[in-house]
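Novice: The structure file target.txt (compact mmCIF, C-alpha atoms and all ligand atoms) is provided below.
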# COMPACT_ATOMS: atom_id res chain seq x y z
CA MET L 608 -117.56 -48.30 19.82
CA ARG L 609 -117.69 -51.67 18.13
CA VAL L 610 -119.80 -51.68 14.99
CA ALA L 611 -119.10 -55.01 13.37
CA THR L 612 -117.35 -58.32 13.83
CA ALA L 613 -116.04 -60.60 11.10
CA ARG L 614 -116.15 -59.51 7.50
CA SER L 615 -118.66 -61.19 5.26
CA SER L 616 -117.59 -63.41 2.39
CA HIS L 617 -118.72 -60.69 0.00
CA GLU L 618 -116.39 -58.22 1.70
CA TRP L 619 -113.55 -60.69 1.34
CA VAL L 620 -114.34 -61.16 -2.35
CA VAL L 621 -114.11 -57.40 -2.81
CA TYR L 622 -110.82 -57.35 -0.89
CA PHE L 623 -109.26 -60.21 -2.89
CA ARG L 624 -110.26 -58.58 -6.18
CA MET L 625 -108.80 -55.29 -5.05
CA ASN L 626 -105.62 -56.97 -3.86
CA ARG L 627 -105.20 -58.54 -7.29
CA SER L 628 -105.01 -55.10 -8.83
CA ARG L 629 -102.50 -53.71 -6.32
CA LEU L 630 -99.64 -56.18 -6.39
CA LEU L 631 -96.11 -55.08 -5.66
CA SER L 632 -93.95 -54.97 -8.74
CA ILE L 633 -91.27 -57.62 -8.73
CA PRO L 634 -87.96 -56.71 -10.41
CA TRP L 635 -87.79 -59.76 -12.69
CA SER L 636 -85.36 -57.97 -15.00
CA LEU L 637 -82.62 -58.36 -12.38
CA GLY L 638 -82.27 -61.99 -13.48
CA ALA L 639 -80.15 -64.43 -11.52
CA GLU L 640 -79.11 -62.70 -8.31
CA LEU L 641 -78.09 -65.55 -6.03
CA GLY L 642 -74.47 -66.33 -5.41
CA ALA L 643 -73.41 -69.96 -5.01
CA ALA L 644 -73.45 -69.85 -1.20
CA GLU L 645 -76.87 -68.20 -1.03
CA ARG L 646 -78.32 -70.62 -3.55
CA ALA L 647 -76.99 -73.62 -1.66
CA ALA L 648 -78.40 -72.29 1.61
CA ILE L 649 -81.95 -71.70 0.41
CA THR L 650 -82.48 -74.29 -2.34
CA SER L 651 -84.05 -77.14 -0.40
CA SER L 652 -86.17 -74.81 1.72
CA ILE L 653 -87.58 -72.68 -1.11
CA GLN L 654 -88.29 -75.82 -3.13
CA ALA L 655 -90.45 -77.17 -0.30
CA PHE L 656 -92.38 -73.93 0.16
CA GLN L 657 -92.88 -73.48 -3.59
CA LEU L 658 -94.37 -76.97 -3.70
CA GLY L 659 -96.56 -76.22 -0.70
CA GLU L 660 -97.98 -73.10 -2.35
CA SER L 661 -98.88 -74.90 -5.55
CA SER L 662 -101.99 -76.83 -4.54
CA GLU L 663 -104.91 -76.73 -6.96
CA GLY L 664 -107.30 -76.63 -4.01
CA ARG L 665 -109.87 -78.96 -5.56
CA ASN L 666 -110.90 -80.52 -2.24
CA LEU L 667 -111.05 -77.15 -0.56
CA MET L 668 -113.33 -75.88 -3.32
CA ARG L 669 -115.56 -78.92 -2.82
CA TYR L 670 -115.80 -78.26 0.93
CA ALA L 671 -116.49 -74.57 0.26
CA ARG L 672 -119.35 -75.46 -2.10
CA GLY L 673 -120.79 -77.77 0.56
CA TRP L 674 -120.66 -74.98 3.14
CA ALA L 675 -122.21 -72.49 0.72
CA ALA L 676 -125.05 -74.91 -0.04
CA CYS L 677 -125.96 -75.49 3.61
CA SER L 678 -125.35 -71.94 4.91
CA GLY L 679 -126.56 -69.92 1.93
CA ASP L 680 -123.23 -68.06 1.90
CA SER L 681 -122.67 -68.36 -1.84
CA ASP L 682 -119.93 -65.69 -1.88
CA TYR L 683 -117.72 -67.97 0.20
CA VAL L 684 -117.02 -70.16 -2.83
CA GLU L 685 -115.67 -67.20 -4.79
CA ALA L 686 -113.68 -65.97 -1.80
CA ILE L 687 -112.00 -69.38 -1.49
CA ALA L 688 -111.35 -69.49 -5.24
CA LEU L 689 -109.64 -66.08 -5.00
CA LEU L 690 -107.60 -67.24 -2.00
CA ILE L 691 -106.44 -70.32 -3.91
CA ALA L 692 -105.54 -68.07 -6.85
CA GLU L 693 -103.32 -66.02 -4.52
CA GLU L 694 -101.59 -69.18 -3.30
CA GLN L 695 -101.00 -70.22 -6.89
CA ARG L 696 -99.54 -66.78 -7.61
CA HIS L 697 -97.15 -67.32 -4.70
CA ALA L 698 -96.15 -70.65 -6.24
CA ARG L 699 -95.71 -69.04 -9.67
CA ASP L 700 -93.58 -66.18 -8.37
CA LEU L 701 -91.37 -68.47 -6.29
CA GLY L 702 -91.10 -70.86 -9.25
CA ARG L 703 -90.07 -68.07 -11.60
CA PHE L 704 -87.48 -66.86 -9.12
CA MET L 705 -86.15 -70.41 -8.79
CA GLU L 706 -85.94 -70.84 -12.55
CA LEU L 707 -84.02 -67.58 -12.94
CA ASN L 708 -81.56 -68.77 -10.33
CA GLY L 709 -81.16 -72.32 -11.57
CA ILE L 710 -83.10 -73.99 -8.76
CA PRO L 711 -85.21 -76.91 -10.01
CA ARG L 712 -88.79 -77.37 -8.82
CA ILE L 713 -89.66 -80.52 -6.94
CA ARG L 714 -92.81 -82.61 -7.23
CA ARG L 715 -92.80 -84.34 -3.89
CA ARG L 716 -91.56 -83.81 -0.35
CA TRP L 717 -92.69 -85.89 2.61
CA THR L 718 -93.73 -82.84 4.64
CA ASP L 719 -95.97 -81.67 1.79
CA SER L 720 -97.56 -85.12 1.44
CA VAL L 721 -98.31 -85.26 5.17
CA PHE L 722 -99.74 -81.75 5.07
CA ARG L 723 -102.03 -82.59 2.13
CA ARG L 724 -103.25 -85.76 3.84
CA LEU L 725 -103.97 -83.91 7.05
CA ARG L 726 -106.00 -81.31 5.19
CA ASN L 727 -108.31 -83.99 3.85
CA PHE L 728 -108.10 -86.25 6.86
CA MET L 729 -111.81 -85.94 7.79
CA GLY L 730 -113.13 -84.49 4.55
CA THR L 731 -114.48 -81.36 6.24
CA LEU L 732 -114.08 -77.65 5.60
CA GLU L 733 -113.11 -77.04 9.23
CA ILE L 734 -110.20 -79.49 9.26
CA SER L 735 -109.04 -78.33 5.87
CA ILE L 736 -108.86 -74.65 6.79
CA ALA L 737 -107.53 -75.38 10.31
CA VAL L 738 -104.56 -77.18 8.74
CA LEU L 739 -104.19 -74.46 6.09
CA VAL L 740 -104.20 -71.64 8.60
CA THR L 741 -101.62 -73.52 10.67
CA ALA L 742 -99.30 -73.44 7.67
CA GLU L 743 -100.15 -69.81 6.93
CA ILE L 744 -99.35 -68.61 10.44
CA ILE L 745 -96.00 -70.42 10.28
CA ALA L 746 -95.47 -68.99 6.78
CA LYS L 747 -95.74 -65.46 8.18
CA VAL L 748 -92.65 -66.12 10.27
CA TYR L 749 -90.86 -68.26 7.66
CA TYR L 750 -91.10 -65.76 4.78
CA ALA L 751 -89.88 -62.95 7.02
CA ALA L 752 -86.81 -65.09 7.76
CA LEU L 753 -86.37 -66.15 4.11
CA ARG L 754 -86.43 -62.49 3.17
CA GLU L 755 -83.55 -61.81 5.52
CA ALA L 756 -81.65 -64.90 4.46
CA SER L 757 -80.80 -63.44 1.07
CA GLU L 758 -79.57 -60.20 -0.45
CA SER L 759 -81.71 -60.79 -3.56
CA LYS L 760 -83.96 -57.78 -4.18
CA MET L 761 -86.27 -59.98 -6.22
CA LEU L 762 -86.71 -62.56 -3.48
CA ARG L 763 -87.19 -59.88 -0.88
CA ARG L 764 -89.97 -58.30 -2.90
CA ILE L 765 -91.63 -61.69 -3.46
CA CYS L 766 -91.51 -62.30 0.30
CA ASP L 767 -92.98 -58.85 0.97
CA GLN L 768 -95.93 -59.65 -1.27
CA ILE L 769 -96.45 -63.09 0.26
CA LEU L 770 -96.23 -61.72 3.81
CA ARG L 771 -98.77 -59.08 2.97
CA ASP L 772 -101.14 -61.66 1.46
CA GLU L 773 -100.71 -64.26 4.18
CA ALA L 774 -101.58 -61.84 6.96
CA ARG L 775 -104.98 -61.40 5.34
CA HIS L 776 -105.33 -65.10 4.58
CA VAL L 777 -104.94 -65.87 8.27
CA GLN L 778 -107.58 -63.30 9.10
CA PHE L 779 -109.97 -64.67 6.47
CA GLN L 780 -109.50 -68.29 7.55
CA THR L 781 -109.78 -67.65 11.29
CA GLU L 782 -112.99 -65.73 10.79
CA GLN L 783 -114.43 -68.72 8.96
CA LEU L 784 -113.17 -71.13 11.63
CA ALA L 785 -114.91 -69.03 14.27
CA ARG L 786 -118.12 -69.23 12.23
CA LEU L 787 -117.86 -73.01 11.91
CA ARG L 788 -117.21 -73.44 15.64
CA ARG L 789 -119.75 -70.88 16.81
CA GLU L 790 -122.38 -73.35 18.00
CA ARG L 791 -119.95 -75.79 19.60
CA ALA L 792 -120.38 -76.63 23.28
CA ALA L 793 -117.60 -75.31 25.55
CA PRO L 794 -115.92 -78.66 26.38
CA LEU L 795 -115.89 -79.71 22.75
CA LEU L 796 -114.56 -76.32 21.70
CA TRP L 797 -111.82 -76.60 24.33
CA ALA L 798 -110.86 -80.03 22.95
CA THR L 799 -110.90 -78.67 19.38
CA LEU L 800 -108.58 -75.81 20.30
CA ALA L 801 -106.27 -78.12 22.24
CA LEU L 802 -105.94 -80.37 19.21
CA HIS L 803 -105.30 -77.37 16.98
CA ARG L 804 -102.59 -76.16 19.36
CA LEU L 805 -101.01 -79.60 19.27
CA LEU L 806 -101.07 -79.64 15.48
CA PHE L 807 -99.56 -76.17 15.39
CA LEU L 808 -96.78 -77.15 17.79
CA GLY L 809 -95.94 -80.25 15.78
CA ALA L 810 -95.92 -78.37 12.48
CA THR L 811 -93.76 -75.61 13.97
CA LEU L 812 -91.17 -78.11 15.23
CA VAL L 813 -91.03 -79.86 11.85
CA VAL L 814 -90.57 -76.60 9.94
CA ALA L 815 -88.04 -75.28 12.47
CA TRP L 816 -85.94 -78.41 12.08
CA SER L 817 -86.24 -79.04 8.35
CA HIS L 818 -85.64 -75.37 7.37
CA ARG L 819 -83.08 -74.59 10.07
CA SER L 820 -80.32 -73.48 7.71
CA VAL L 821 -82.46 -70.79 6.05
CA LEU L 822 -83.98 -69.75 9.34
CA CYS L 823 -80.56 -69.37 10.96
CA ARG L 824 -79.33 -67.41 7.99
CA GLY L 825 -82.41 -65.20 8.31
CA GLY L 826 -81.66 -64.48 11.96
CA LEU L 827 -83.94 -67.04 13.61
CA GLY L 828 -82.45 -69.97 15.44
CA PHE L 829 -84.57 -73.03 16.24
CA GLY L 830 -85.89 -71.70 19.54
CA ARG L 831 -86.46 -68.18 18.31
CA PHE L 832 -88.41 -69.40 15.28
CA CYS L 833 -90.62 -71.62 17.48
CA ARG L 834 -91.26 -68.78 19.89
CA ALA L 835 -92.12 -66.40 17.03
CA CYS L 836 -94.58 -68.93 15.55
CA LEU L 837 -96.20 -69.62 18.91
CA GLY L 838 -96.41 -65.87 19.47
CA GLU L 839 -98.22 -65.48 16.14
CA PHE L 840 -100.60 -68.30 17.05
CA ALA L 841 -101.34 -66.79 20.45
CA ALA L 842 -101.83 -63.33 18.94
CA ASP L 843 -104.24 -64.78 16.45
CA ARG L 844 -106.20 -66.50 19.25
CA THR L 845 -106.33 -63.24 21.20
CA ARG L 846 -107.60 -61.37 18.18
CA ARG L 847 -110.36 -63.95 17.75
CA ARG L 848 -111.28 -63.76 21.42
CA ASP L 849 -111.54 -59.98 21.11
CA GLU L 850 -113.95 -60.46 18.22
CA GLY L 851 -110.97 -60.65 15.93
CA THR L 852 -111.60 -58.20 13.18
CA SER L 853 -113.82 -55.75 14.93
CA ARG L 854 -113.78 -52.22 13.75
CA ARG L 855 -114.37 -49.08 15.73
CA ILE L 856 -115.12 -45.48 15.06
CA ASP L 857 -112.56 -43.15 16.52
CA ARG L 858 -113.20 -39.67 17.89
CA ALA L 859 -112.84 -38.09 14.50
CA GLY L 860 -115.55 -40.40 13.18
CA GLU L 861 -113.20 -42.33 10.93
CA ILE L 862 -113.48 -46.07 10.59
CA CYS L 863 -110.38 -47.85 11.83
CA ASP L 864 -109.24 -51.41 11.38
CA ASP L 865 -108.30 -52.94 14.72
CA LEU L 866 -106.31 -55.72 13.15
CA ARG L 867 -102.72 -54.76 12.55
CA VAL L 868 -100.51 -56.79 10.29
CA ARG L 869 -97.88 -58.09 12.66
CA GLN L 870 -94.32 -57.96 11.48
CA PRO L 871 -92.77 -61.14 12.87
CA ALA L 872 -89.28 -60.11 11.94
CA LYS L 873 -89.54 -56.56 13.23
CA ASP L 874 -86.37 -56.87 15.26
CA PHE L 875 -84.34 -58.64 12.62
CA GLY L 876 -82.49 -55.44 11.93
CA ARG L 877 -82.16 -55.21 8.14
CA ASP L 878 -84.23 -53.38 5.54
CA LEU L 879 -87.22 -53.06 7.80
CA ASP L 880 -88.44 -49.80 6.40
CA LEU L 881 -89.59 -51.34 3.13
CA ARG L 882 -91.62 -54.01 4.89
CA GLN L 883 -93.24 -51.50 7.20
CA THR L 884 -94.14 -49.33 4.24
CA VAL L 885 -95.64 -52.35 2.53
CA ALA L 886 -97.67 -53.27 5.60
CA ALA L 887 -98.88 -49.71 6.00
CA ALA L 888 -99.91 -49.64 2.34
CA GLU L 889 -101.74 -52.91 2.81
CA ASP L 890 -103.63 -51.63 5.84
CA HIS L 891 -104.55 -48.60 3.82
CA VAL L 892 -105.97 -50.80 1.06
CA LEU L 893 -108.15 -52.72 3.48
CA GLU L 894 -109.26 -49.62 5.32
CA ALA L 895 -110.16 -47.92 2.07
CA HIS L 896 -112.05 -51.01 1.03
CA GLN L 897 -113.78 -51.18 4.42
CA SER L 898 -114.79 -47.54 4.31
CA ARG L 899 -116.36 -48.11 0.91
CA ILE L 900 -118.32 -51.11 2.18
CA ASP L 901 -119.57 -49.22 5.23
CA VAL L 902 -120.65 -46.33 3.03
CA ASP L 903 -122.43 -48.84 0.77
CA ARG L 904 -124.23 -50.26 3.79
CA GLN L 905 -125.43 -46.84 4.84
CA ILE L 906 -126.72 -46.15 1.36
CA VAL L 907 -128.60 -49.47 1.36
CA ARG L 908 -130.15 -48.63 4.74
FE FE S 1001 -99.18 -68.58 0.21
FE FE S 1002 -102.12 -68.30 2.32
If you convert what's in this file into structure tokens, what do you get?

Specialist:
Amino acid sequence: MRVATARSSHEWVVYFRMNRSRLLSIPWSLGAELGAAERAAITSSIQAFQLGESSEGRNLMRYARGWAACSGDSDYVEAIALLIAEEQRHARDLGRFMELNGIPRIRRRWTDSVFRRLRNFMGTLEISIAVLVTAEIIAKVYYAALREASESKMLRRICDQILRDEARHVQFQTEQLARLRRERAAPLLWATLALHRLLFLGATLVVAWSHRSVLCRGGLGFGRFCRACLGEFAADRTRRRDEGTSRRIDRAGEICDDLRVRQPAKDFGRDLDLRQTVAAAEDHVLEAHQSRIDVDRQIVR
């Protein structure tokens, strides 16, 4: 039995706060772990992703305030602020890892500049989060490959944390996109989704080509990476069509979360147990959080 659809912004605020207090510990004390060959293979790629994670999100905050003002959803502003804080944590962790391994940060990369321009292309919340979620869906596949591309325990743990966060970011953003597109007439919605698919395809091809050495090292050739990204995109669309984040009550009366964190690199073959444990722990966090919210709702009623 379906009892709810998308989570409210308040629920997401509660989740993001809870997530902040349950971060995986990263073994910083291991210091420089990368050998010369590993460092050479991942340097350019990790530099680009570290830069991409480091946005201040000022425009996004402005769009979020605009949405909150016209919809009355004031919690959305805080939810977006917490999401940006998670992205900045990703940038910080990757930056710290790079410093420890003698990889300099970069300030500019053409792909990042294009991405930032696209996000603010029309000056709307919808375009901004559509472009962001495009990057986040691709990131779910990329970080799984980056994790496999290195033997560094530190980098693997950083990737685990980012993968865990990004799965929820995608969920949060797609729920908001669905809200923004709710009233749209069918032909216009079809055109919107076609354009989004085109953007996603283009972004996937660019990432697959410009990060090919890391992806290959991580077990994903060009074609396999593209297929994995497109699979993630399609799975995300299916989830949305099925009311995305619906929850149901099973026979035992327990509240279950329908949305499973997909593991894009499930068949990569190395060290999968840790990632599955992490994902299971993450689902547990959200389920525990959801149970608490549902109990709260019953008390209010
Ligand atoms: Fe991120
Ligand atoms: Fe994200």

Novice: For Gly673 (chain L), find every residue with an atom within 12 Å (counting only C-alpha atoms), except residues of its own chain fewer than 3 positions away, and show them as a list in words.

Specialist: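 Counting only C-alpha atoms, the residues come to Asn666, Leu667, Met668, Arg669, Tyr670, Ala676, Cys677, Ser678, Gly679, Asp680, Ser681, Tyr683, Val684, Gly730, Thr731, Leu732 and Glu733 of chain L.
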
Novice: Given all atoms listed in the file as the basis, pick out the residue of L:Ala613, L:Leu770, L:Leu637, L:Ala647 nearest to ligand FE 1002 (chain S).

Specialist: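 Nearest candidate to ligand FE 1002 (chain S) out of L:Ala613, L:Leu770, L:Leu637, L:Ala647: L:Leu770.
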
Novice: For the atom pair CA of Val740 (chain L) and CA of Thr781 (chain L), what is the interatomic distance in Å to one decimal place?

Specialist: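 The value is 7.4 Å.
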
Novice: Around ligand FE 1002 (chain S), out to 6 Å and counting all atoms listed in the file, which residues are there? I want them as a PDB file with C-alpha atoms, in the coordinates of the input.

Specialist:
ATOM      1  CA  GLU L 694    -101.590 -69.180  -3.300  1.00  0.00           C
ATOM      2  CA  GLU L 743    -100.150 -69.810   6.930  1.00  0.00           C
ATOM      3  CA  GLU L 773    -100.710 -64.260   4.180  1.00  0.00           C
ATOM      4  CA  HIS L 776    -105.330 -65.100   4.580  1.00  0.00           C
TER       5      HIS L 776
END

Novice: Taking all atoms listed in the file into account, which residues are within 8 Å of ligand FE 1001 (chain S), as number ranges by chain?

Specialist: L: 660, 693-695, 697-698, 743, 746, 769, 772-773

Novice: Could you tell me how far CA of Thr650 (chain L) sits from CA of Arg831 (chain L), in Å to one decimal place?

Specialist: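 Separation of CA of Arg831 (chain L) and CA of Thr650 (chain L): 21.9 Å.
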
Novice: Could you check how far CA of Ala752 (chain L) sits from CA of Gly825 (chain L), in Å to one decimal?

Specialist: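 That distance, rounded to one decimal, is 4.4 Å.
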
Novice: Show which residues sit within 7 Å of Glu640 (chain L), as a PDB file with C-alpha atoms, keeping the file's coordinate frame. Count all atoms listed in the file, and ignore same-chain residues fewer than 2 positions away.

Specialist:
ATOM      1  CA  LEU L 637     -82.620 -58.360 -12.380  1.00  0.00           C
ATOM      2  CA  GLY L 638     -82.270 -61.990 -13.480  1.00  0.00           C
ATOM      3  CA  GLY L 642     -74.470 -66.330  -5.410  1.00  0.00           C
ATOM      4  CA  ASN L 708     -81.560 -68.770 -10.330  1.00  0.00           C
ATOM      5  CA  SER L 759     -81.710 -60.790  -3.560  1.00  0.00           C
TER       6      SER L 759
END

Novice: Taking (-81.9, -61.4, 4.3) in the coordinates of the supplied file, I want to know which residues reach to within 12 Å of it, counting all atoms listed in the file; could you give the answer as a PyMOL selection string?

Specialist: chain L and resi 641+645+648-649+749-764+766-767+821-827+872+875-879

Novice: Of the candidates L:Ser720, L:Ser817, L:Thr845, L:Ser735, which shows the shortest atom-to-atom distance to Leu787 (chain L), using only C-alpha atoms?

Specialist: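 Nearest candidate to Leu787 (chain L) out of L:Ser720, L:Ser817, L:Thr845, L:Ser735: L:Ser735.
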
Novice: So, with all atoms listed in the file as the atoms that count, which of L:Gly664, L:Val777, L:Arg614, L:Arg804 lies closest to Ile744 (chain L)?

Specialist: L:Val777

Novice: Which one is closest to Ala737 (chain L): L:Ser632, L:Asp719, L:Leu707, L:Leu806? Count all atoms listed in the file.

Specialist: L:Leu806

Novice: List every protein, DNA or RNA residue with an atom no more than 10 Å from (-115.5, -65.3, -2.3) in the file's coordinates, counting only C-alpha atoms, and format the result as a list in words.

Specialist: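 Checking each residue against the 10 Å limit leaves Ser615, Ser616, His617, Glu618, Trp619, Val620, Val621, Tyr622, Phe623, Arg624, Ala671, Asp680, Ser681, Asp682, Tyr683, Val684, Glu685, Ala686, Ile687, Ala688, Leu689 and Leu690 of chain L.
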
Novice: Any chance you could export the current selection's C-alpha atoms as a PDB file, in the coordinates of the input?

Specialist:
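To be explicit, this is the file written out as part.pdb:
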ATOM      1  CA  SER L 615    -118.660 -61.190   5.260  1.00  0.00           C
ATOM      2  CA  SER L 616    -117.590 -63.410   2.390  1.00  0.00           C
ATOM      3  CA  HIS L 617    -118.720 -60.690   0.000  1.00  0.00           C
ATOM      4  CA  GLU L 618    -116.390 -58.220   1.700  1.00  0.00           C
ATOM      5  CA  TRP L 619    -113.550 -60.690   1.340  1.00  0.00           C
ATOM      6  CA  VAL L 620    -114.340 -61.160  -2.350  1.00  0.00           C
ATOM      7  CA  VAL L 621    -114.110 -57.400  -2.810  1.00  0.00           C
ATOM      8  CA  TYR L 622    -110.820 -57.350  -0.890  1.00  0.00           C
ATOM      9  CA  PHE L 623    -109.260 -60.210  -2.890  1.00  0.00           C
ATOM     10  CA  ARG L 624    -110.260 -58.580  -6.180  1.00  0.00           C
ATOM     11  CA  ALA L 671    -116.490 -74.570   0.260  1.00  0.00           C
ATOM     12  CA  ASP L 680    -123.230 -68.060   1.900  1.00  0.00           C
ATOM     13  CA  SER L 681    -122.670 -68.360  -1.840  1.00  0.00           C
ATOM     14  CA  ASP L 682    -119.930 -65.690  -1.880  1.00  0.00           C
ATOM     15  CA  TYR L 683    -117.720 -67.970   0.200  1.00  0.00           C
ATOM     16  CA  VAL L 684    -117.020 -70.160  -2.830  1.00  0.00           C
ATOM     17  CA  GLU L 685    -115.670 -67.200  -4.790  1.00  0.00           C
ATOM     18  CA  ALA L 686    -113.680 -65.970  -1.800  1.00  0.00           C
ATOM     19  CA  ILE L 687    -112.000 -69.380  -1.490  1.00  0.00           C
ATOM     20  CA  ALA L 688    -111.350 -69.490  -5.240  1.00  0.00           C
ATOM     21  CA  LEU L 689    -109.640 -66.080  -5.000  1.00  0.00           C
ATOM     22  CA  LEU L 690    -107.600 -67.240  -2.000  1.00  0.00           C
TER      23      LEU L 690
END

Novice: Nearest to Ala692 (chain L): which of L:Ser662, L:Gln657, L:Thr718, L:Gln778 is it, counting all atoms listed in the file?

Specialist: L:Ser662

Novice: Kindly indicate which residue among L:Ala798, L:Ala644, L:Val813, L:Leu658 lies nearest to Ile713 (chain L), using all atoms listed in the file for the distances.

Specialist: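 Under the stated criterion, the closest residue is L:Leu658.
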